[in-house]
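Enquirer: Dropping the structure in here first, questions after.
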Amino acid sequence: MSRVAVIIATRGRPALVREVVDWLARQTRPAERIFVVGAGPEDIAALDPGRLDVTALVGRPGSSPQRNDGLRLAGDGFDYLAFFDDDFIPSRFWLENLVAAFEARPDIAGLTGTLLADGIKGPGIALEDALSRVAARDAEPGGPGELHLGFGPYGCNMAFRASAIRGLAFDERLPLYAWLEDSDFGGQIVRRGGRTARADALWGVHLGNKAGRERGVRIGYSQVANPIYLARKGNLPLSFLAGQMMRNMGSNLARALASEPFIDRPGRLKGNLLALADALRGCLDPGRVTRL
């Protein structure tokens, strides 16, 4: 029988991550183990210590280090590894359908799900609303759905064949919120000869919760510094990275004087400009974001 682990990196949302972990107990095909990696002890303090299927620890702060710490905890004991954000609500069938998809397509190394809604693009989605949306979709007739090849992983809900990612790691030179570390990880898989896809059968809602998010200037710096750094690595197409950078800079510039209440556009624009100045001086470093 295949063994499945779920890895959740969490920061600043202790009550919410407990809700997500509790929700995972309702999976039609539960994970053999759920690894929750916090940035500090307060991040995992609300978890139920009586859950025998949950391992929680304090890791090294930052999305990439925490995910890598989760990979180390999982070791070689699992066939499939799913990564969920601490504000992602998956279908009750997510893990069951994940196993079915991987076993039907041995050529697929990584999968990402289909979002019913993504609160990161707005003020965020309330937990109750997300649970309602997922429950309504779960009640509809199911089926294997389609796999859309060529789609890279989206960090809030992604899964990998363990044998296909052995020896790989999330890039820890992308600190804090990391920005594009999921795409870079997918790029590593593709360079190794693996295939990635988006699966219709893996649906859920990303709350886009604003607690624990980085300041605008830090995100803005990463929006420019990370694509330039990743372009030099060569794991991702230049067109993809340039498009990401230009779209974000354009949005920040256009809305800086009339910023959405849930996004610090002036701060992001300042970060964009700081990164561009560093690039022109030849001293661009994604790690500088930790000092802003």
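In the structure tokens, each chain is lettered A, B, ... as it comes, each chain's residues begin at 1, and ligands are numbered from 1 in order of appearance.
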Which residues are close to range 86-94 of chain A, i.e. within 7 Å by only C-alpha atoms, leaving aside same-chain residues fewer than 2 positions away? Reply as an NGL selection string.
Expert: :A and (8-10 or 16-17 or 20 or 26-28 or 84 or 96-98 or 130-131 or 134 or 138 or 156 or 202-209)
Enquirer: Pull the alpha helix (DSSP H) assignments for range 43-280 of chain A out of DSSP run on the backbone, and list those residues as a ChimeraX atom specification.
Expert: /A:63-74,94-104,127-138,162-165,181-191,216-233,238-255,265-280
Enquirer: Go ahead and save the residues from that selection, with C-alpha atoms, as a tab-separated table (two decimals), in the first residue's frame.
Expert:
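The new file selection.tsv reads:
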chain	number	residue	atom	x	y	z
A	63	SER	CA	9.20	28.94	3.62
A	64	SER	CA	12.06	27.08	1.92
A	65	PRO	CA	13.94	26.01	5.09
A	66	GLN	CA	10.72	24.91	6.78
A	67	ARG	CA	9.69	22.82	3.76
A	68	ASN	CA	13.16	21.30	3.60
A	69	ASP	CA	12.96	20.48	7.30
A	70	GLY	CA	9.67	18.73	6.53
A	71	LEU	CA	11.35	16.73	3.77
A	72	ARG	CA	14.07	15.67	6.18
A	73	LEU	CA	11.47	14.57	8.72
A	74	ALA	CA	9.68	12.51	6.08
A	94	TRP	CA	-7.64	15.26	-2.22
A	95	LEU	CA	-5.26	12.58	-0.98
A	96	GLU	CA	-7.35	9.71	-2.34
A	97	ASN	CA	-7.38	11.34	-5.78
A	98	LEU	CA	-3.69	12.17	-5.49
A	99	VAL	CA	-2.75	8.53	-5.05
A	100	ALA	CA	-5.07	7.51	-7.89
A	101	ALA	CA	-3.54	10.10	-10.24
A	102	PHE	CA	0.04	9.14	-9.49
A	103	GLU	CA	-0.66	5.43	-9.80
A	104	ALA	CA	-2.51	5.90	-13.10
A	127	LEU	CA	-12.52	29.82	6.85
A	128	GLU	CA	-16.26	29.14	7.05
A	129	ASP	CA	-16.73	30.28	3.46
A	130	ALA	CA	-13.88	28.06	2.27
A	131	LEU	CA	-15.24	25.03	4.10
A	132	SER	CA	-18.66	25.65	2.58
A	133	ARG	CA	-17.27	25.95	-0.95
A	134	VAL	CA	-15.21	22.80	-0.62
A	135	ALA	CA	-18.10	20.83	0.89
A	136	ALA	CA	-20.39	21.92	-1.95
A	137	ARG	CA	-17.88	20.80	-4.58
A	138	ASP	CA	-17.25	17.53	-2.73
A	162	ALA	CA	9.01	10.84	-3.55
A	163	SER	CA	11.31	8.91	-5.87
A	164	ALA	CA	11.24	11.80	-8.37
A	165	ILE	CA	12.42	14.47	-5.92
A	181	GLU	CA	10.50	28.80	-4.66
A	182	ASP	CA	7.67	26.48	-5.72
A	183	SER	CA	8.24	27.26	-9.41
A	184	ASP	CA	11.98	26.75	-9.00
A	185	PHE	CA	11.37	23.37	-7.35
A	186	GLY	CA	9.20	22.37	-10.29
A	187	GLY	CA	11.92	23.57	-12.64
A	188	GLN	CA	14.42	21.30	-10.91
A	189	ILE	CA	12.08	18.37	-11.52
A	190	VAL	CA	11.70	19.20	-15.20
A	191	ARG	CA	15.48	19.57	-15.68
A	216	GLY	CA	5.23	45.25	1.50
A	217	VAL	CA	8.82	46.40	0.98
A	218	ARG	CA	10.12	42.87	1.53
A	219	ILE	CA	7.66	41.32	-0.88
A	220	GLY	CA	8.44	44.03	-3.43
A	221	TYR	CA	12.16	43.38	-3.20
A	222	SER	CA	11.62	39.65	-3.71
A	223	GLN	CA	9.33	40.30	-6.68
A	224	VAL	CA	12.37	41.62	-8.55
A	225	ALA	CA	15.36	40.00	-6.87
A	226	ASN	CA	14.07	36.43	-6.95
A	227	PRO	CA	13.24	36.29	-10.70
A	228	ILE	CA	16.65	37.76	-11.58
A	229	TYR	CA	18.42	35.29	-9.30
A	230	LEU	CA	16.40	32.37	-10.66
A	231	ALA	CA	17.10	33.44	-14.25
A	232	ARG	CA	20.78	32.97	-13.50
A	233	LYS	CA	20.11	29.48	-12.12
A	238	LEU	CA	13.27	33.57	-18.94
A	239	SER	CA	9.90	34.50	-20.44
A	240	PHE	CA	8.09	33.16	-17.36
A	241	LEU	CA	10.38	34.99	-14.92
A	242	ALA	CA	10.32	38.25	-16.85
A	243	GLY	CA	6.53	38.10	-17.07
A	244	GLN	CA	6.22	37.56	-13.33
A	245	MET	CA	8.49	40.49	-12.56
A	246	MET	CA	6.95	42.92	-15.02
A	247	ARG	CA	3.35	42.12	-14.06
A	248	ASN	CA	4.06	42.67	-10.39
A	249	MET	CA	5.99	45.89	-10.95
A	250	GLY	CA	3.28	47.18	-13.27
A	251	SER	CA	0.54	46.47	-10.74
A	252	ASN	CA	2.47	48.14	-7.93
A	253	LEU	CA	3.20	51.22	-10.03
A	254	ALA	CA	-0.37	51.55	-11.31
A	255	ARG	CA	-1.95	51.22	-7.87
A	265	ARG	CA	1.45	48.80	-2.95
A	266	PRO	CA	3.71	51.76	-2.03
A	267	GLY	CA	5.85	49.45	0.09
A	268	ARG	CA	6.03	46.86	-2.69
A	269	LEU	CA	6.96	49.51	-5.24
A	270	LYS	CA	9.72	50.77	-2.95
A	271	GLY	CA	11.03	47.21	-2.68
A	272	ASN	CA	10.88	46.82	-6.47
A	273	LEU	CA	12.98	49.97	-6.93
A	274	LEU	CA	15.51	48.95	-4.28
A	275	ALA	CA	16.03	45.61	-6.03
A	276	LEU	CA	16.38	47.28	-9.43
A	277	ALA	CA	18.98	49.66	-7.99
A	278	ASP	CA	20.91	46.70	-6.53
A	279	ALA	CA	20.75	44.93	-9.89
A	280	LEU	CA	22.16	47.97	-11.68
Enquirer: Name the closest residue to Lys210 in chain A among the candidates A:Gly12, A:Gly234, A:Gly155, A:Gly50; distances are taken between atoms, counting only C-alpha atoms.
Expert: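 Of A:Gly12, A:Gly234, A:Gly155, A:Gly50, the one nearest Lys210 in chain A is A:Gly12, counting only C-alpha atoms.
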Enquirer: Which neighbours of Gly122 in chain A fall inside 9 Å, counting only C-alpha atoms, when residues of the same chain fewer than 2 positions from it are skipped, and could you give them as an mmCIF file with N, CA, C and O atoms, in the first residue's frame?
Expert:
data_model
loop_
_atom_site.group_PDB
_atom_site.id
_atom_site.type_symbol
_atom_site.label_atom_id
_atom_site.label_comp_id
_atom_site.auth_asym_id
_atom_site.auth_seq_id
_atom_site.Cartn_x
_atom_site.Cartn_y
_atom_site.Cartn_z
ATOM 1 N N ASP A 118 -9.089 31.666 -4.717
ATOM 2 C CA ASP A 118 -7.773 31.995 -4.185
ATOM 3 C C ASP A 118 -7.823 33.372 -3.542
ATOM 4 O O ASP A 118 -7.852 34.396 -4.219
ATOM 5 N N GLY A 119 -7.832 33.401 -2.227
ATOM 6 C CA GLY A 119 -7.934 34.652 -1.494
ATOM 7 C C GLY A 119 -6.693 35.506 -1.543
ATOM 8 O O GLY A 119 -6.728 36.669 -1.115
ATOM 9 N N ILE A 120 -5.586 34.971 -2.072
ATOM 10 C CA ILE A 120 -4.364 35.759 -2.138
ATOM 11 C C ILE A 120 -4.546 36.929 -3.090
ATOM 12 O O ILE A 120 -3.829 37.936 -3.015
ATOM 13 N N GLY A 124 -8.802 38.120 1.111
ATOM 14 C CA GLY A 124 -8.772 36.846 1.827
ATOM 15 C C GLY A 124 -10.160 36.251 1.918
ATOM 16 O O GLY A 124 -11.172 36.938 1.731
ATOM 17 N N ILE A 125 -10.215 34.953 2.184
ATOM 18 C CA ILE A 125 -11.479 34.219 2.262
ATOM 19 C C ILE A 125 -11.632 33.668 3.676
ATOM 20 O O ILE A 125 -10.693 33.095 4.236
ATOM 21 N N GLY A 208 -5.749 32.669 1.519
ATOM 22 C CA GLY A 208 -5.009 33.926 1.341
ATOM 23 C C GLY A 208 -5.024 34.751 2.608
ATOM 24 O O GLY A 208 -5.072 35.989 2.555
ATOM 25 N N GLU A 260 -4.994 48.961 -2.693
ATOM 26 C CA GLU A 260 -6.026 48.173 -2.023
ATOM 27 C C GLU A 260 -5.731 48.156 -0.520
ATOM 28 O O GLU A 260 -4.566 48.176 -0.111
ATOM 29 N N PHE A 262 -5.771 45.840 1.514
ATOM 30 C CA PHE A 262 -5.133 44.606 1.973
ATOM 31 C C PHE A 262 -3.764 44.376 1.334
ATOM 32 O O PHE A 262 -3.133 43.351 1.569
ATOM 33 N N ILE A 263 -3.278 45.316 0.509
ATOM 34 C CA ILE A 263 -1.961 45.201 -0.118
ATOM 35 C C ILE A 263 -1.220 46.525 0.036
ATOM 36 O O ILE A 263 -1.767 47.588 -0.279
#
Enquirer: Assign secondary structure with DSSP using the backbone only, and return the residues of range 75-206 of chain A in strand (DSSP E) as an NGL selection string.
Expert: :A and (80-85 or 88-90 or 108-118 or 147-149 or 157-161 or 195-206)
Enquirer: Could you jot down the CA of Asp76 in chain A to CA of Ile7 in chain A separation for me, Å, one decimal place?
Expert: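 The value is 14.0 Å.
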Enquirer: Expressed in Å to a single decimal, how great is the separation between CA of Pro175 in chain A and CA of Gly287 in chain A?
Expert: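 Here the two named atoms are 6.1 Å from each other.
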Enquirer: Quick check, in Å to one decimal: how far apart do CA of Glu146 in chain A and CA of Ala82 in chain A lie?
Expert: 19.0 Å
Enquirer: Using only C-alpha atoms, pick whichever of A:Pro61, A:Pro153, A:Gly40, A:Pro141 has the shortest atom-to-atom distance to Phe83 in chain A.
Expert: A:Pro153
Enquirer: Set the distance at 10 Å and use only C-alpha atoms: which residues neighbour Asp22 in chain A once local chain neighbours fewer than 6 positions away are removed? I'd like the list as a list in words.
Expert: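 Those residues are Leu16, Leu47, Asp48 and Arg51 of chain A.
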